[in-house]
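*Asks:* Before I ask anything, here is the structure I am working with.
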Amino acid sequence: MTPRSVRLVDTSTRDGNQSLWGATGLTTGMVEALGPHLEAAGFAALDFTSSTHLSVGVRWHEEDPWERISRMRAVVPTTPLSFITTGMRFMSWDRSPESVLRLSTRLLAESGLRRMQIAEPMNDTAQASAIARMAKEEGIEQVAAAVTFTESPVHDDALYARAAKVLAADENVDVVYLKDPGGLLTPERTRALVPQLRAAVGDLTFELHGHCTTGLAPQVYVLAAQLGVDVLHTAIGALSNGTSQPSALRLVENLAAVGISTDIDAGPLREAERIIAEIARTQGLEPGRPTELDLAYQRHQVPGGMMGTLRRQLAEIGRPDLLSAVLDEVAVVREELGWPIMVTPYSQFVGSQAVLNVLAVRSGEARWSRMPDEVLRYLLGHFGTPPGDVDPEVADRASGHPRTRELDRPLPEPSQADLRADVAAQVGRPVVDGEVLLRTVLPAGQVDAIRPAPRWTPSPEGRSVVPGEQVDAVRPVSGQAAGSVVRAVGDQVDAVGSASAQEPGPEVRTAAEQADSTRPAPRQTHSPEVRTAADFVRAACALPGWRELDVQVGAERVRLRRNQDGGRA
């Protein structure tokens with residue numbers, strides 16, 4: 001019998017960052033620092049980015065998304081960089097017109113992305129095939145199409161097998177993968193489902209993308225490899241485990257124990273782990289840890305990246321105690337909406353509606369008395385046909401909602417020429433396509449703030465340093481500095497010190513955030529407690545994206561200034 005071998009895809013810079021660090025933890029400089037080691041490790045591909053990650057880079061770090069891709073391609077010349085999409089939207093929350101989808105795909109390919117993962121959230125194979133064809137036409141070399149897994153009364157193995165067979169027969173699809181966004185696969189379900197999908201996929205490459213959310217993914221991955229899966233999606237070090245993917249190094253060891261080999265070079269992988277650990281430490285980011293068995297996720301099915309954002313949303317309104325009630329409500333809302341799969345964008349719609357319902361009841365109002373536009377659009381069919389029957393009372397509430405009539409109209413379909421003309425008229429000058437796209441889908445102020453991204457380098461003292469830092473003056477700062485007044489030019493940092501982290505929910509936003517996308521984003525304030533001037537300098541220098549910081553407590557003051565060009569003032 002020929003010894004079995006599998007390959008690995010690294011998810012650290014995309015799904016690991018999203019699941020554990022709210023998609024904001026890594027800057028362009030940080031992924032660039034990881035790149036050479038990921039290239040040398042021997043991965044089949046890097047699950048590198050998504051439209052959410054690129055928009056977060058603009059909104060939170062004032063970074064150019066095209067620069068991020070091209071700089072990563074420069075240090076990862078042979079391993080395919082992958083972009084994941086639902087095929088519905090690019091950066092904005094509304095469904096994107098075809099002109100935007102085509103333009104974005106071409107620009108992604110031109111910037112250096114060679115692979116596209118299509119995760120059509122309804123398992124609509126016709127839609128997935130249309131996106132696959134467009135991807136190849138616009139320059140993407142490899143298309144990986146997902147069969148998205150869930151548990152519900154309207155989803156069964158026959159449905160998944162049919163979807164896998166249709167996708168595998170598509171001439172534009174190179175890879176079929178089983179996507180388990182909630183980490184719901186158990187060893188028993190894996191043993192039943194994977195052989196059916198392996199047979200449906202035939203000779204095409206078959207991959208598995210799971211999550212450690214319930215604690216079962218490491219076991220599921222080993223079993224899946226034994227059952228014929230060719231490629232497994234893993235993460236590295238502090239960006240693995242938790243609600244992310246299994247650890248690559250541990251999986252390599254576990255596979256070897258059952259006689260399955262990989263072509264991963266552990267040396268570069270360990271160096272990448274060291275860099276990620278340094279990033280986590282200097283930015284105050286919580287590393288992923290192995291998860292104990294937690295089958296509660298089988299009920300609400302909230303995916304990993306969304307769980308952290310729900311916690312953040314509730315903390316921001318001073319009600320973290322409502323998480324349990326919200327998770328219970330998620331399960332009810334999902335059933336009432338016709339059992340959508342808990343994956344982007346539907347998991348965000350369900351989660352936001354659950355929060356609104358819980359808050360409404362506690363305010364003496366009825367459930368479903370508040371409905372965001374995205375849920376109304378879902379019920380109008382803008383995001384596809386719900387897989388099951390929608391609760392009649394919910395459908396009636398939506399049909400009578402004042403916003404429904406405004407939203408129930410054909411979406412505009414401008415051409416690419418229209419997009420270029422509109423943006424040129426807005427800014428009063430000719431604009432290249434990369435800027436045209438960003439100004440079409442993002443607020444002008446966010447695009448105006450974009451500047452070159454600094455490199456990231458760990459210093460000998462163990463803190464992050466960015467070329468161009470300059471300490472103007474440092475005077476002793478008392479132990480009260482953590483609560484002092486801080487002015488940050490270039491970042492909206494309210495306080496440096498013991499302020500709690502405010503991670504954004506790029507994939508999950510409250511209804512208010514979704515309705516007001518022009519509102520400036522709060523900046524990350526991950527940093528250890530500040531007790532001395534030296535503590536302040538270390539904490540401030542670890543923050544990405546700022547230009548000037550000014551802290552004053554009485555007569556004591558610390559100022560830091562960073563020049564954009566990296567030179568001295």
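In the structure tokens, chains take letters A, B, ... by order of appearance, with residues numbered from 1 within each chain and ligands from 1 in the order shown.
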When DSSP works through the backbone of this structure, what residues of segment 112-154 of chain A end up as helix (DSSP H, G or I), shown as an NGL selection string?

*Replies:* :A and (125-137)

*Asks:* Export, as a PDB file, in the first residue's frame, the selected residues with all heavy atoms.

*Replies:*
```
ATOM      1  N   THR A 125     -24.828  26.340  -6.499  1.00  0.00           N
ATOM      2  CA  THR A 125     -23.745  25.964  -7.410  1.00  0.00           C
ATOM      3  C   THR A 125     -23.754  26.785  -8.691  1.00  0.00           C
ATOM      4  O   THR A 125     -22.687  27.032  -9.278  1.00  0.00           O
ATOM      5  CB  THR A 125     -23.839  24.465  -7.759  1.00  0.00           C
ATOM      6  OG1 THR A 125     -25.150  24.171  -8.258  1.00  0.00           O
ATOM      7  CG2 THR A 125     -23.566  23.618  -6.527  1.00  0.00           C
ATOM      8  N   ALA A 126     -24.929  27.244  -9.132  1.00  0.00           N
ATOM      9  CA  ALA A 126     -24.980  28.078 -10.334  1.00  0.00           C
ATOM     10  C   ALA A 126     -24.275  29.407 -10.081  1.00  0.00           C
ATOM     11  O   ALA A 126     -23.506  29.890 -10.933  1.00  0.00           O
ATOM     12  CB  ALA A 126     -26.426  28.313 -10.758  1.00  0.00           C
ATOM     13  N   GLN A 127     -24.504  29.996  -8.914  1.00  0.00           N
ATOM     14  CA  GLN A 127     -23.841  31.246  -8.567  1.00  0.00           C
ATOM     15  C   GLN A 127     -22.340  31.031  -8.406  1.00  0.00           C
ATOM     16  O   GLN A 127     -21.530  31.836  -8.864  1.00  0.00           O
ATOM     17  CB  GLN A 127     -24.444  31.816  -7.281  1.00  0.00           C
ATOM     18  CG  GLN A 127     -23.741  33.040  -6.727  1.00  0.00           C
ATOM     19  CD  GLN A 127     -23.899  34.279  -7.586  1.00  0.00           C
ATOM     20  OE1 GLN A 127     -24.652  34.273  -8.562  1.00  0.00           O
ATOM     21  NE2 GLN A 127     -23.196  35.337  -7.245  1.00  0.00           N
ATOM     22  N   ALA A 128     -21.955  29.944  -7.743  1.00  0.00           N
ATOM     23  CA  ALA A 128     -20.530  29.656  -7.567  1.00  0.00           C
ATOM     24  C   ALA A 128     -19.846  29.462  -8.915  1.00  0.00           C
ATOM     25  O   ALA A 128     -18.721  29.934  -9.133  1.00  0.00           O
ATOM     26  CB  ALA A 128     -20.353  28.418  -6.695  1.00  0.00           C
ATOM     27  N   SER A 129     -20.508  28.789  -9.845  1.00  0.00           N
ATOM     28  CA  SER A 129     -19.928  28.569 -11.179  1.00  0.00           C
ATOM     29  C   SER A 129     -19.770  29.878 -11.936  1.00  0.00           C
ATOM     30  O   SER A 129     -18.773  30.087 -12.643  1.00  0.00           O
ATOM     31  CB  SER A 129     -20.806  27.602 -11.973  1.00  0.00           C
ATOM     32  OG  SER A 129     -20.743  26.303 -11.431  1.00  0.00           O
ATOM     33  N   ALA A 130     -20.731  30.787 -11.779  1.00  0.00           N
ATOM     34  CA  ALA A 130     -20.628  32.093 -12.443  1.00  0.00           C
ATOM     35  C   ALA A 130     -19.439  32.875 -11.911  1.00  0.00           C
ATOM     36  O   ALA A 130     -18.706  33.519 -12.683  1.00  0.00           O
ATOM     37  CB  ALA A 130     -21.925  32.874 -12.243  1.00  0.00           C
ATOM     38  N   ILE A 131     -19.224  32.826 -10.602  1.00  0.00           N
ATOM     39  CA  ILE A 131     -18.079  33.534 -10.009  1.00  0.00           C
ATOM     40  C   ILE A 131     -16.770  32.868 -10.434  1.00  0.00           C
ATOM     41  O   ILE A 131     -15.770  33.543 -10.695  1.00  0.00           O
ATOM     42  CB  ILE A 131     -18.208  33.564  -8.475  1.00  0.00           C
ATOM     43  CG1 ILE A 131     -19.460  34.337  -8.062  1.00  0.00           C
ATOM     44  CG2 ILE A 131     -16.973  34.197  -7.836  1.00  0.00           C
ATOM     45  CD1 ILE A 131     -19.494  35.781  -8.526  1.00  0.00           C
ATOM     46  N   ALA A 132     -16.762  31.541 -10.513  1.00  0.00           N
ATOM     47  CA  ALA A 132     -15.549  30.833 -10.956  1.00  0.00           C
ATOM     48  C   ALA A 132     -15.181  31.233 -12.379  1.00  0.00           C
ATOM     49  O   ALA A 132     -14.002  31.466 -12.696  1.00  0.00           O
ATOM     50  CB  ALA A 132     -15.766  29.328 -10.858  1.00  0.00           C
ATOM     51  N   ARG A 133     -16.170  31.301 -13.258  1.00  0.00           N
ATOM     52  CA  ARG A 133     -15.912  31.706 -14.642  1.00  0.00           C
ATOM     53  C   ARG A 133     -15.368  33.128 -14.704  1.00  0.00           C
ATOM     54  O   ARG A 133     -14.388  33.410 -15.408  1.00  0.00           O
ATOM     55  CB  ARG A 133     -17.202  31.587 -15.459  1.00  0.00           C
ATOM     56  CG  ARG A 133     -17.005  31.942 -16.942  1.00  0.00           C
ATOM     57  CD  ARG A 133     -18.267  31.722 -17.743  1.00  0.00           C
ATOM     58  NE  ARG A 133     -19.364  32.592 -17.311  1.00  0.00           N
ATOM     59  CZ  ARG A 133     -20.415  32.185 -16.613  1.00  0.00           C
ATOM     60  NH1 ARG A 133     -20.532  30.913 -16.253  1.00  0.00           N
ATOM     61  NH2 ARG A 133     -21.368  33.031 -16.261  1.00  0.00           N
ATOM     62  N   MET A 134     -15.977  34.029 -13.943  1.00  0.00           N
ATOM     63  CA  MET A 134     -15.512  35.408 -13.922  1.00  0.00           C
ATOM     64  C   MET A 134     -14.077  35.491 -13.394  1.00  0.00           C
ATOM     65  O   MET A 134     -13.243  36.243 -13.921  1.00  0.00           O
ATOM     66  CB  MET A 134     -16.435  36.258 -13.044  1.00  0.00           C
ATOM     67  CG  MET A 134     -16.043  37.724 -12.983  1.00  0.00           C
ATOM     68  SD  MET A 134     -16.962  38.618 -11.706  1.00  0.00           S
ATOM     69  CE  MET A 134     -16.223  37.918 -10.229  1.00  0.00           C
ATOM     70  N   ALA A 135     -13.771  34.712 -12.354  1.00  0.00           N
ATOM     71  CA  ALA A 135     -12.430  34.735 -11.779  1.00  0.00           C
ATOM     72  C   ALA A 135     -11.382  34.350 -12.815  1.00  0.00           C
ATOM     73  O   ALA A 135     -10.338  35.004 -12.947  1.00  0.00           O
ATOM     74  CB  ALA A 135     -12.364  33.801 -10.569  1.00  0.00           C
ATOM     75  N   LYS A 136     -11.646  33.297 -13.567  1.00  0.00           N
ATOM     76  CA  LYS A 136     -10.687  32.868 -14.589  1.00  0.00           C
ATOM     77  C   LYS A 136     -10.573  33.914 -15.695  1.00  0.00           C
ATOM     78  O   LYS A 136      -9.474  34.198 -16.202  1.00  0.00           O
ATOM     79  CB  LYS A 136     -11.120  31.518 -15.165  1.00  0.00           C
ATOM     80  CG  LYS A 136     -10.947  30.342 -14.198  1.00  0.00           C
ATOM     81  CD  LYS A 136      -9.486  30.116 -13.866  1.00  0.00           C
ATOM     82  CE  LYS A 136      -9.245  28.939 -12.949  1.00  0.00           C
ATOM     83  NZ  LYS A 136      -9.419  27.632 -13.590  1.00  0.00           N
ATOM     84  N   GLU A 137     -11.698  34.517 -16.075  1.00  0.00           N
ATOM     85  CA  GLU A 137     -11.675  35.536 -17.124  1.00  0.00           C
ATOM     86  C   GLU A 137     -10.884  36.767 -16.706  1.00  0.00           C
ATOM     87  O   GLU A 137     -10.287  37.444 -17.549  1.00  0.00           O
ATOM     88  CB  GLU A 137     -13.113  35.946 -17.476  1.00  0.00           C
ATOM     89  CG  GLU A 137     -13.895  34.870 -18.210  1.00  0.00           C
ATOM     90  CD  GLU A 137     -15.378  35.209 -18.358  1.00  0.00           C
ATOM     91  OE1 GLU A 137     -15.825  36.223 -17.772  1.00  0.00           O
ATOM     92  OE2 GLU A 137     -16.086  34.460 -19.058  1.00  0.00           O
TER      93      GLU A 137
END
```

*Asks:* Find the residues near segment 372-379 of chain A: any atom within 7 Å, counting only C-alpha atoms, skip ones fewer than 3 places away on the same chain, and give them as a list of chain:residue names.

*Replies:*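 The contact residues come out as A:Phe349, A:His382, A:Phe383, A:Ala398, A:Thr404, A:Leu407, A:Ala511.
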
*Asks:* Just want the 12 Å neighbourhood of Val447 of chain A, counted on only C-alpha atoms, with same-chain residues fewer than 6 positions away dropped. Output as a list in words.

*Replies:*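 Final neighbour list, sorted by chain and number: Ser55, Val56, Gly57, Val58, Arg59, Trp60, His61, Glu62, Glu63, Asp64, Pro65, Val427, Gly434, Glu435, Val436, Leu437, Leu438, Arg439, Thr440, Val441, Thr518 and Pro520 of chain A.
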
*Asks:* Restrict the calculation to only C-alpha atoms, then for each residue of segment 313-417 of chain A with any atom at most 12 Å from an atom of segment 175-180 of chain A give the closest atom pair and their distance in Å to one decimal, rows by chain and rising residue number, as a tab-separated table.

*Replies:*
```
residue	atom	partner	partner_atom	distance
A:Ile341	CA	A:Asp180	CA	10.1
A:Met342	CA	A:Asp180	CA	9.8
A:Val343	CA	A:Asp180	CA	9.1
```

*Asks:* I need the residues from that last selection saved to file as a compact mmCIF listing (two decimals), in the first residue's frame (with C-alpha atoms), if you can.

*Replies:*
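Saved file selection_20.txt follows:
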```txt
# COMPACT_ATOMS: atom_id res chain seq x y z
CA ILE A 341 -25.98 28.63 7.05
CA MET A 342 -24.12 30.49 9.78
CA VAL A 343 -21.43 31.90 7.51
```

*Asks:* Could you build a table of the residues in segment 173-220 of chain A lying no more than 10 Å from segment 302-321 of chain A, giving for each the nearest pair of atoms and their separation in Å rounded to one decimal place, using only C-alpha atoms, ordered by chain and ascending residue number, as a tab-separated table?

*Replies:*
```
residue	atom	partner	partner_atom	distance
A:Asp180	CA	A:Pro303	CA	9.2
A:Pro181	CA	A:Pro303	CA	5.7
A:Gly182	CA	A:Pro303	CA	4.5
A:Gly183	CA	A:Pro303	CA	7.6
A:Leu184	CA	A:Pro303	CA	9.5
A:His211	CA	A:Gly304	CA	7.4
A:Cys212	CA	A:Gly304	CA	8.5
A:Thr213	CA	A:Gly304	CA	6.4
A:Thr214	CA	A:Gly304	CA	9.8
```

*Asks:* Can you write just those residues out, N, CA, C and O atoms, as a compact mmCIF listing (two decimals), in the first residue's frame?

*Replies:*
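Saved as result.txt:
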```
# COMPACT_ATOMS: atom_id res chain seq x y z
N ASP A 180 -16.30 24.12 6.93
CA ASP A 180 -17.06 23.94 8.17
C ASP A 180 -16.86 25.17 9.05
O ASP A 180 -16.05 25.16 9.97
N PRO A 181 -17.59 26.27 8.78
CA PRO A 181 -17.32 27.54 9.47
C PRO A 181 -17.59 27.51 10.96
O PRO A 181 -16.98 28.25 11.73
N GLY A 182 -18.50 26.65 11.40
CA GLY A 182 -18.82 26.59 12.82
C GLY A 182 -18.04 25.54 13.58
O GLY A 182 -18.24 25.39 14.80
N GLY A 183 -17.16 24.80 12.92
CA GLY A 183 -16.45 23.72 13.60
C GLY A 183 -17.40 22.64 14.09
O GLY A 183 -17.20 22.05 15.15
N LEU A 184 -18.44 22.35 13.29
CA LEU A 184 -19.51 21.45 13.73
C LEU A 184 -19.24 19.99 13.44
O LEU A 184 -19.91 19.11 14.00
N HIS A 211 -12.80 24.51 11.88
CA HIS A 211 -12.48 25.41 13.00
C HIS A 211 -12.43 24.60 14.29
O HIS A 211 -13.14 23.59 14.43
N CYS A 212 -11.63 25.06 15.23
CA CYS A 212 -11.45 24.35 16.51
C CYS A 212 -12.51 24.73 17.54
O CYS A 212 -12.37 24.40 18.72
N THR A 213 -13.56 25.39 17.12
CA THR A 213 -14.54 25.98 18.02
C THR A 213 -15.10 24.99 19.04
O THR A 213 -15.24 25.31 20.22
N THR A 214 -15.45 23.79 18.59
CA THR A 214 -16.03 22.80 19.51
C THR A 214 -14.97 21.91 20.16
O THR A 214 -15.29 21.09 21.01
```

*Asks:* Between A:Leu442, A:Val355, A:Val390, A:Val154, single out the one closest to Leu54 of chain A, counting only C-alpha atoms.

*Replies:*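 Answer, going by the shortest atom-to-atom distance: A:Leu442.
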
*Asks:* Just list as a list in words whatever in segment 172-305 of chain A DSSP marks as strand (DSSP E).

*Replies:*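 Here is the list: Val175, Val176, Tyr177, Leu178, Lys179, Thr205, Phe206, Glu207, Leu208, His209, Val231, Leu232, His233, Thr234, Ile260 and Ser261 of chain A.
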
*Asks:* So which one's closest to Ala266 of chain A, A:Glu253, A:Asp408, A:Glu335, A:Asp47? Using only C-alpha atoms, please.

*Replies:*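 Of all the options, A:Glu253 lies closest to Ala266 of chain A.
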
*Asks:* Have a look at A:Ala296, A:Ala280, A:Leu34, A:Ala145 and name the one nearest to Ala331 of chain A; count only C-alpha atoms.

*Replies:*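 Ranked by minimum distance to Ala331 of chain A, first place goes to A:Ala296.
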
*Asks:* Name the residues in contact with segment 68-81 of chain A at a cut-off of 8 Å, using only C-alpha atoms, excluding same-chain residues fewer than 3 positions from it; report them as a list in words.

*Replies:* Thr28, Val31, Glu32, Gly35, Pro36, Leu38, Glu39, Gly42, Phe43, Ala44, Ala45, Leu46, Asp47, Phe48, Glu63, Asp64, Pro65, Leu108, Ser111, Gly112, Leu113, Arg114 and Arg115 of chain A

*Asks:* As a count of residues only, please: the residues near Leu232 of chain A (cut-off 6 Å, only C-alpha atoms, same-chain neighbours under 4 positions excluded).

*Replies:* 3

*Asks:* Between A:Ile279, A:Asp157, A:Tyr346, A:Val6, which has the minimum distance to Gly384 of chain A (counting only C-alpha atoms)?

*Replies:*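 Using only C-alpha atoms, Gly384 of chain A sits closest to A:Tyr346.
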
*Asks:* Would you please work out which residue, of A:Ala169, A:Ala417, A:Trp456, A:Ser12, is nearest to His233 of chain A when using only C-alpha atoms?

*Replies:*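 That would be A:Ser12, the residue with the smallest distance to His233 of chain A.
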
*Asks:* With only C-alpha atoms as the atoms that count, which of A:Ala41, A:Ala33, A:Ile140, A:Leu197 lies nearest to Pro268 of chain A?

*Replies:*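 For Pro268 of chain A, the nearest of the candidates is A:Ala41.
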